[in-house]
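**Student:** One structure, pasted below without further comment.
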Amino acid sequence: MFKRISPRKGRMTEQLSPLEEIQECIRELNELVACIQKAELDACKKKKKMINNNNNGRRDEIDNVRYLRIDVQVEDRMVELIRRIAEIAVQEEQKSSSVWLRGDEKSSTMGDTETKDNNTRSNSVNGHNDKGDNAAVLWNHGVGNVVFEYFCEVNVVSLFINIATGFAFTDQERQDADEMDDDLQTQDSLDISRNDSIDTNDAVASSSIGNISFDSQGLPHSRVSFTPNRLATVRIAIQVLQSMSILIQNVTMSTSLYLILSNNKVNELINLPLDAYAAAEKYQEKMNASSINDHHEDTSPHGHGSLSHLGEYSELTSIFISFLKSLTMKMNSETLQFYLTYPSSLSASNEHSDFNQIQFPLYERALEFCNPDVDSFVRVTAMNLCLNTLRLATDGEPLPPNNNDDDSDDDCVQTSGHNDTALHHDRPDRHRNPGTTSKLPFRERLAISHYVCHPSRVQNLSAGIFTRLASLCGKVEETIRTLDRIDRALSSCFMTVDECARESSLDGVTQSDGIQSKGEGTTKSSLKDQEEEAQKKIKLLQSERIRVVKRFLGDTVSDFQDELFLLEDVLKVGLVPLNEQIIEMMFPTVIYPLVLTPLHNFIKQNKRSVAEEGSDLEPDPFSDRFEKHMSRPISRGASPSDSDSSLAKAALFVIASIFHFITHKELLQLLMTALLHPLTPEISNACTIVQTNPDIFFVDENGYTHIKTDAGVGKQEGMTLYNFGRGTISKENVGKFKSKGVVRRDCVFVFCPILSDIFEWSLTGTTLNGVPENLTSNRYRRTLLSCLSGTDGMAELQSLAVYAIDAMVSTMSGEVLNCIIFGKRILKEVEFRSFDPEQNGELLDSNTTSHELAFSTSISQHMVEFIASMCVSVITAAISYDGLWSLRYNPISAHAILRMCSIDPSVKEIATKFIHYRRNQSGMFILKTPSRLDKYAHDDNEIDQKLKMDKVFFEAFCEGDKFVAEHLIGRHGSNNENLWDSPAMIAVAKDGSIFQLAKQICEDISAKHLVVHDSVEAAYHCAANSAVSHIQLDAFSRLINEGISSQKVQDLGYAGVSSLALSMPSALEFHKSGNNFLISPISDKFSELLFEHENSSGLGLQSGDVIKLVERKPFPCVCEITKENEALIMNGGTCIIADGVKWQSLYLLIMNDHLILAEPVRGESVGYGRVVTMCPSLSIVAELYGIQDKESSAQRVLLTHLSVKKDIPGLFSAEKGEDTVSSEEVRISRSCLDVWFEDYNTASKAHKAICSRIFKARIERGKRITEALSCQKI
C-alpha cells in the first residue's frame, strides 16, 4: 500500500483520501493561525502602555504596521499547507469535471458511490468554517466533487485572503478599537450609503455596496476602512497569491470559478494593502538596525535574526500583478458580475442608469501600477491588464433600435467556440470554464467605457507614459550634451597632437641646418610630453564615448521605443473618448514643451548670436556660388554657451520616433498640422472647451447605438467621431443612457479642437465650428524648413531634421500631405523666391534674391518652399577645422523627395528643376577641386590640373581607403558573365529608421573633419568623397526626371524603398547591412569614364600573337614564371632557373596606351616577339625600387594592376585579402608583377617611359571628367 507522510507531526500512516487530507490541512492551518493570533495578542497587551505613551493614546494606522513574529518552521509549514490545499482542490475539481465531460457512465456510477461514502465521512468532520461569512452553496455535480464542495463550504478562499491581508491575525476587540480611533472616513462612507438609500438586502445582492465610499472627486472606491497593523510574512502572502492564481486559472467548470469569485472576497484580495507591506518592511529594517546597534534582542519576524524576507519582498509586487493578470484572463460575460458592480438602487433598471458610481476594483488597482516609478515588468503587466479591459469595451455588436439592452444581452454574448456536448447541457454548472474572453452585452460594454473614460482614470493611464517619455527625452538631451563635451575635448586633443607634430618637424629642419639654441632640447622634450599627455587623454575620452554611445543605443533608444509602443497599444484599442483625452494630454505634456518650444528657442538663440557677432544672415540657398550656400556648421568645438543644440536635437528625435512607431492617424494628423501647416492658431487665445461627460456612444442613421470606436469612424461617412468636445449627443439619444450628474472632473480640450478645425478645413473645406479664424504664419514650420535648408544657423540640425521629415512623409497619406504640408487650399500663382528668415513670428517680404526659378503651373507657394528646402538638404557641404569643404549626399532626403513626387505631378516639376540646379551647383564645386587642391596640397602644385582631377576619381582617397568606383553596384545584363554589359548603379535613396537616426546623433565628428594643415592626402580625401556625392546626385537627377508611377505607390499602400523600386522602371532595390537602398543607373558619361579601360578591346591582340618589336623601343627585362603561368611561355629555351626560381627573358613595350610583355621569337622572325600578357596603361601603377646589392646590379619595377574585373592578367599575382562584400558591389582587385632590369639606368628609363604614358592617358581622362562635370544637361 502506498504510504505518505501525514500533514500532522510527520508520522507515517496509511494513505489518506483527498477529502481527509484537505480536511487535515485546513484544520492544521486554522490552528496555526489561532496560535499566531493568541501570541500576538499577548505581546500587544504587554506593550500596550508603552504604545499609548509614545503615540498619545492614538495609534497611526500605517506607521504601526509590522510583520508578525512567526517562527521559520511555522512559516514554512503555513506556506506548504496553503500550497497543498489549493493543489488538492484543483486536482479533485479537474478529476470530477473530466468524468462528466467524458460521459463515462461507469466512472459516474463509481463517483456516486464514492460520494455517498465521502458524505458520510464529511458529516463527522468538525469543519472550521465561519458560519456568519459562509456564502458558499454546496455543489452537487452528480459526480464525486465532494473535495471541492468541502473547500468552498468551509470558506478556504476567505481564510487565504484574511491571512494575506492580516485580518486572520487581528482579534475583534482590537479591530473595533482601531475602527473607533479612525472611523471618520468610514462614517462618511456610511453616510453616503444611507443618503443613497441602499438597504441591506440590496447591498448583499450587489456584492460589496456596503463598503462603497467616495473620494473628493465623487469617485467610488471599495477599499476597506480598517487595515490590520499586523501582517503575515511576505513568503506567506506570496504563497496565498500564487495559490489563488492556481485556483482561478485551473478550475475546469464555470461554476467552480463562480464559487471562488463570489462574496466579493477576491475584490478584497485585489485591494491587498501593499503600502502596508512596504511600511512593515521599512519598520523591520529600522528595528533590525536598532537592535544591532544597541545589542538588543533580535526583532526580525522569524525571531532569529534572519533577513531572508527582505529579498522576498521584491517579489510580492510581481506576484500580485500576476494574480491580477490571472483574474483579467477570466473576465467574460458570465464572470463580469464579480468584477463590475453597479449601485444596488440603480442596477435593476436599464433606463437612466448612472455609470458614475460603478465599482471596478480590478481596473482601478491595475492603474496604480502604471506609474513609471514601479518595476518595468510590473508596469508593463499592469498596462496589459488595462488594455485587455479596454478591448472588452470595444469588442461587440451595437444595440438595435428600440431594444431594451436587458432583453438583448443573450444575443450580444458569444461563446468561446467549444464543441463539447457538455456546453449545450441544460444545466449551467456543467459548462466548461471558458478559456477565452467572450463578447460582453452592450450595457456592460457601455458601463466599462464610462468607467475607463473618466478623466482622472485616463490621466492615471497615460500620465505614466508621458512622464516616462519626458524622462527619456531628458536622457537623450543628456547624452547629446555629453557627446558634445567629449567631442570638444577630443578636438582640442587632436589639435594639440597636430601642433606638437608640426612644431617637432620644424625643429628637425632647423637642427639639420646646424642652428640650435640652448633651450631647443627642453622645448622638444616639452612638446613630446604634451603630445603623450594628449594621446592618453584621447584614449580615455574615446573609452568614455564608447560607453555613452552603447548606453544610448542599447538602453535609451529601446526604452523610448517601448514607451511609444505602449502608447500605440492604448490608442489602437480604438475607444474614441479615451483617445481624445490622451491626444489632448499629449500636446501640453510632450509636443509643445519637448518638441516645438526647444526647436523655436534654438533658432531664436542662433539668430541672436549672429546679430551679436555682426555677421550677415545665412546666404541665399540658391546662390550661384556653392560655397555661399553651404553654411558653415556650428561645430562641436564651439562654446556651449554659444550654441547648445541638445534640446533641439532631442526634439527632432522625438518627432521621428512618434511617426515611426505610432500609427494612430488622428494623433499624427494633428501633430503634422501643428508642425508643418502653413497657418497656425494662437494657442494663448484659443477657446477652452469643457465637456461635463465624455461622449461615449452615438446613434447611426439606422437607429443602432454604437460605442464610439475607431472601427466606427470608417463606417460613418461624412461623420467625425473625434470631436474633442465640439459635438454633443442629440436630444433624442440622451434619455436612453442619461447621467445623473454626480460631481466629476470635466474633460477640458484646448489644443486639439482648433488643430482639428484647421485640419478638417484644409482637407474638406468645412469644420464643425466653421472656418478657423485668427490664424497666423506657422513659426514652427519656418523653424523646420530652416533646419532642412541649413539656414538661420540650423545647419547642425539638418541631418536629424531630414530623418524627421522622412518619417512624416513616409507615414501619412498623399491627400493629407498635399493639404497640410503643401497648403492645397492656400493656392497662389507664384514665381519661387527664397525667403528670408522670420522675425517675431512674421515672414519678411522677399523682394530680392540672387536666383529665381519660375514655374509655369499654378501651384501653392508653400509647396515650392517646402520642396526647395528638401532639395537643399539632398546634398550639403561639411567644413573641416582647416576650411576644407566636403560634399555629403543624403539618401534619406532623396527618399522623402521621391515619396512627395508620387503625391502630385506638380511636385515632380518643382523637384526636377531644383535637383537639376543643385546638380549643376555640385558640378561647379567639383570643377574647382584642382584649384582648391593647389591651396591645401602644396606638394602637388607642379602636377597638371587635369591629372589632379583624375587622381580624385581613380585613387583610393575615399572614406575607408576606397576608390570612387567602389561605391557603385554592378548590374548583370543579357550576358551574366560580363558584369558591365549594363550601366553601373549607385545608391540614391534609403529607408530611414530610428536606429540610423540614433547613430547619426552619436556620429563622431571630432576627428573625422580634423585635417592636418599640410596633408595632401586629406585634401584629396575631401575631394574624392565629394565626387561620390556628386555621382549620386547626378543619378538621382536622372531618376527623378523619369518620374514615378503614383498609382502604383498608392496601390501598394506604403512608400518605402520596395514600393518605389516597383514604381520606377530603372530603379532597383538593394540590401546591405540591414538597410534597404534604392539604386539607380549612373549616367552614360560617368559610366564610360569610370570603366572605359575595363571595356578596352586591347588593340585586337591576345596572348600568343606575334608583334613587331623593331622601332618600338622595347625594354629587355626578366620576370618570374610560376607554375600557373608556364603555359603562357611558348619559347621555353630562354628560361633560366636559379635557386629554384624560373626566370623568363621578356621585352616590355607600350603600344597605344597598353603595356605589353612579349617573349622573343627565335629563328627567322628576328625582331619580333610573342605577346605573353597585356593590360591598359590606365589600370597600371608603376613604382621603381632602388635596390643596393653588391653581388648584382639588377633593379626592380613593381607593376600593380587595378581592375574591377576578377580576371588577373597573365604573369600577375593577385593580392590576398578577404572578400566579404556582395558579388554585385564593385571592388577594385589588385594584382602585382615584379619586372627586373639589368641595372638602375635601364630600370629608371623604363619606369619613366611607363609613367609618362600613364600620365598622358590620365591627363586625357581628367580632361573628359572636367567636360562631363561642365555638362548642363541631364
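Note on naming: chains are A, B, ... as they come in the C-alpha cells, residues start from 1 per chain, ligands start from 1 in the order shown.
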Quick one: DSSP strand (DSSP E) residues in segment 890-1049 of chain A, as a PDB file with C-alpha atoms, in the first residue's frame?

**Tutor:**
ATOM      1  CA  LEU A 968      28.984  51.557 -57.347  1.00  0.00           C
ATOM      2  CA  ILE A 969      26.963  48.425 -57.880  1.00  0.00           C
ATOM      3  CA  MET A 985      24.276  51.723 -60.488  1.00  0.00           C
ATOM      4  CA  ILE A 986      24.649  53.685 -57.285  1.00  0.00           C
ATOM      5  CA  ALA A 987      22.539  54.091 -54.147  1.00  0.00           C
ATOM      6  CA  VAL A 988      20.379  57.212 -54.319  1.00  0.00           C
ATOM      7  CA  ALA A 989      17.734  56.656 -51.618  1.00  0.00           C
ATOM      8  CA  LYS A 990      17.379  54.740 -48.382  1.00  0.00           C
TER       9      LYS A 990
END

**Student:** Phe914 of chain A: which residues within 9 Å, counting only C-alpha atoms, same-chain residues fewer than 2 positions away excluded, as a CSV table (one decimal) with C-alpha atoms, in the first residue's frame?

**Tutor:**
chain,number,residue,atom,x,y,z
A,853,LEU,CA,13.3,79.8,-60.8
A,867,ILE,CA,10.3,71.1,-51.9
A,868,ALA,CA,13.1,73.7,-52.2
A,871,CYS,CA,16.2,69.7,-52.4
A,872,VAL,CA,18.7,71.8,-50.5
A,909,GLU,CA,8.1,69.5,-61.8
A,910,ILE,CA,9.4,71.6,-58.9
A,911,ALA,CA,11.8,68.9,-57.6
A,912,THR,CA,13.2,68.2,-61.1
A,916,HIS,CA,18.9,69.8,-61.7
A,917,TYR,CA,20.0,73.2,-60.4
A,918,ARG,CA,21.6,71.6,-57.3
A,919,ARG,CA,23.4,69.1,-59.6

**Student:** List the spatial neighbours of segment 1023-1029 of chain A as a list in words - criterion: any atom at most 7 Å away, only C-alpha atoms, same-chain residues fewer than 2 positions off excluded.

**Tutor:** Ser886, Leu887, Arg888, Tyr889, Ile926, Thr929, Val952, Phe953, Phe957, Cys958, Glu959, Val964, Ala1019, Tyr1020, His1021, Ile1031, Gln1032 and Leu1033 of chain A

**Student:** Restricting it to N, CA, C and O atoms, dump the selection as a PDB file, in the first residue's frame.

**Tutor:**
ATOM      1  N   SER A 886      33.685  69.389 -47.956  1.00  0.00           N
ATOM      2  CA  SER A 886      33.422  68.051 -48.461  1.00  0.00           C
ATOM      3  C   SER A 886      31.924  67.886 -48.643  1.00  0.00           C
ATOM      4  O   SER A 886      31.145  68.140 -47.716  1.00  0.00           O
ATOM      5  N   LEU A 887      31.514  67.494 -49.846  1.00  0.00           N
ATOM      6  CA  LEU A 887      30.088  67.333 -50.126  1.00  0.00           C
ATOM      7  C   LEU A 887      29.559  66.060 -49.492  1.00  0.00           C
ATOM      8  O   LEU A 887      30.257  65.037 -49.424  1.00  0.00           O
ATOM      9  N   ARG A 888      28.298  66.118 -49.072  1.00  0.00           N
ATOM     10  CA  ARG A 888      27.636  64.942 -48.496  1.00  0.00           C
ATOM     11  C   ARG A 888      26.270  64.780 -49.147  1.00  0.00           C
ATOM     12  O   ARG A 888      25.457  65.707 -49.141  1.00  0.00           O
ATOM     13  N   TYR A 889      26.060  63.605 -49.666  1.00  0.00           N
ATOM     14  CA  TYR A 889      24.753  63.280 -50.256  1.00  0.00           C
ATOM     15  C   TYR A 889      23.911  62.597 -49.192  1.00  0.00           C
ATOM     16  O   TYR A 889      24.390  61.741 -48.449  1.00  0.00           O
ATOM     17  N   ILE A 926      32.838  70.597 -57.839  1.00  0.00           N
ATOM     18  CA  ILE A 926      33.849  69.586 -58.164  1.00  0.00           C
ATOM     19  C   ILE A 926      34.855  70.145 -59.163  1.00  0.00           C
ATOM     20  O   ILE A 926      36.049  69.830 -59.098  1.00  0.00           O
ATOM     21  N   THR A 929      37.917  71.694 -57.807  1.00  0.00           N
ATOM     22  CA  THR A 929      38.771  70.856 -56.970  1.00  0.00           C
ATOM     23  C   THR A 929      40.256  71.095 -57.201  1.00  0.00           C
ATOM     24  O   THR A 929      41.022  71.229 -56.238  1.00  0.00           O
ATOM     25  N   VAL A 952      41.642  62.281 -58.124  1.00  0.00           N
ATOM     26  CA  VAL A 952      40.482  62.309 -57.229  1.00  0.00           C
ATOM     27  C   VAL A 952      39.551  61.139 -57.520  1.00  0.00           C
ATOM     28  O   VAL A 952      39.037  60.479 -56.600  1.00  0.00           O
ATOM     29  N   PHE A 953      39.329  60.823 -58.779  1.00  0.00           N
ATOM     30  CA  PHE A 953      38.364  59.802 -59.152  1.00  0.00           C
ATOM     31  C   PHE A 953      38.959  58.398 -59.178  1.00  0.00           C
ATOM     32  O   PHE A 953      38.220  57.420 -59.052  1.00  0.00           O
ATOM     33  N   PHE A 957      41.212  57.478 -52.282  1.00  0.00           N
ATOM     34  CA  PHE A 957      41.159  58.580 -51.328  1.00  0.00           C
ATOM     35  C   PHE A 957      39.828  58.658 -50.591  1.00  0.00           C
ATOM     36  O   PHE A 957      39.670  59.483 -49.694  1.00  0.00           O
ATOM     37  N   CYS A 958      38.848  57.852 -50.978  1.00  0.00           N
ATOM     38  CA  CYS A 958      37.534  57.931 -50.325  1.00  0.00           C
ATOM     39  C   CYS A 958      37.614  57.362 -48.916  1.00  0.00           C
ATOM     40  O   CYS A 958      38.588  56.710 -48.525  1.00  0.00           O
ATOM     41  N   GLU A 959      36.559  57.621 -48.166  1.00  0.00           N
ATOM     42  CA  GLU A 959      36.497  57.133 -46.789  1.00  0.00           C
ATOM     43  C   GLU A 959      36.613  55.612 -46.776  1.00  0.00           C
ATOM     44  O   GLU A 959      35.960  54.910 -47.530  1.00  0.00           O
ATOM     45  N   VAL A 964      36.532  55.715 -55.903  1.00  0.00           N
ATOM     46  CA  VAL A 964      35.199  56.226 -56.230  1.00  0.00           C
ATOM     47  C   VAL A 964      34.352  55.110 -56.828  1.00  0.00           C
ATOM     48  O   VAL A 964      33.163  54.954 -56.507  1.00  0.00           O
ATOM     49  N   ALA A1019      43.443  66.531 -48.299  1.00  0.00           N
ATOM     50  CA  ALA A1019      42.783  67.366 -49.301  1.00  0.00           C
ATOM     51  C   ALA A1019      42.144  66.501 -50.388  1.00  0.00           C
ATOM     52  O   ALA A1019      41.017  66.759 -50.830  1.00  0.00           O
ATOM     53  N   TYR A1020      42.867  65.472 -50.825  1.00  0.00           N
ATOM     54  CA  TYR A1020      42.292  64.565 -51.818  1.00  0.00           C
ATOM     55  C   TYR A1020      41.132  63.751 -51.223  1.00  0.00           C
ATOM     56  O   TYR A1020      40.186  63.388 -51.936  1.00  0.00           O
ATOM     57  N   HIS A1021      41.224  63.455 -49.960  1.00  0.00           N
ATOM     58  CA  HIS A1021      40.154  62.716 -49.283  1.00  0.00           C
ATOM     59  C   HIS A1021      38.821  63.464 -49.385  1.00  0.00           C
ATOM     60  O   HIS A1021      37.792  62.883 -49.741  1.00  0.00           O
ATOM     61  N   ILE A1031      28.203  62.073 -58.015  1.00  0.00           N
ATOM     62  CA  ILE A1031      27.697  60.986 -58.872  1.00  0.00           C
ATOM     63  C   ILE A1031      26.342  60.512 -58.371  1.00  0.00           C
ATOM     64  O   ILE A1031      25.431  60.217 -59.168  1.00  0.00           O
ATOM     65  N   GLN A1032      26.164  60.435 -57.063  1.00  0.00           N
ATOM     66  CA  GLN A1032      24.856  60.057 -56.516  1.00  0.00           C
ATOM     67  C   GLN A1032      23.794  61.078 -56.891  1.00  0.00           C
ATOM     68  O   GLN A1032      22.677  60.709 -57.294  1.00  0.00           O
ATOM     69  N   LEU A1033      24.123  62.353 -56.759  1.00  0.00           N
ATOM     70  CA  LEU A1033      23.163  63.399 -57.101  1.00  0.00           C
ATOM     71  C   LEU A1033      22.845  63.375 -58.590  1.00  0.00           C
ATOM     72  O   LEU A1033      21.692  63.583 -58.994  1.00  0.00           O
TER      73      LEU A1033
END

**Student:** Would you compute the distance between atom CA of His1201 of chain A and atom CA of Val1171 of chain A? Give it in Å to one decimal.

**Tutor:**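 Going from atom CA of His1201 of chain A over to atom CA of Val1171 of chain A covers 17.4 Å.
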
**Student:** Find the residues near segment 1262-1271 of chain A: any atom within 6 Å, counting only C-alpha atoms, skip ones fewer than 5 places away on the same chain, and give them as a VMD selection string.

**Tutor:** chain A and resid 923 946 to 947 949 to 950

**Student:** When you look at His677 of chain A with a cut-off of 7 Å (counting only C-alpha atoms), what residues show up, excluding the ones that are within fewer than 5 positions of it in the same chain? I need them as number ranges by chain.

**Tutor:** A: 778, 781, 820-821, 823
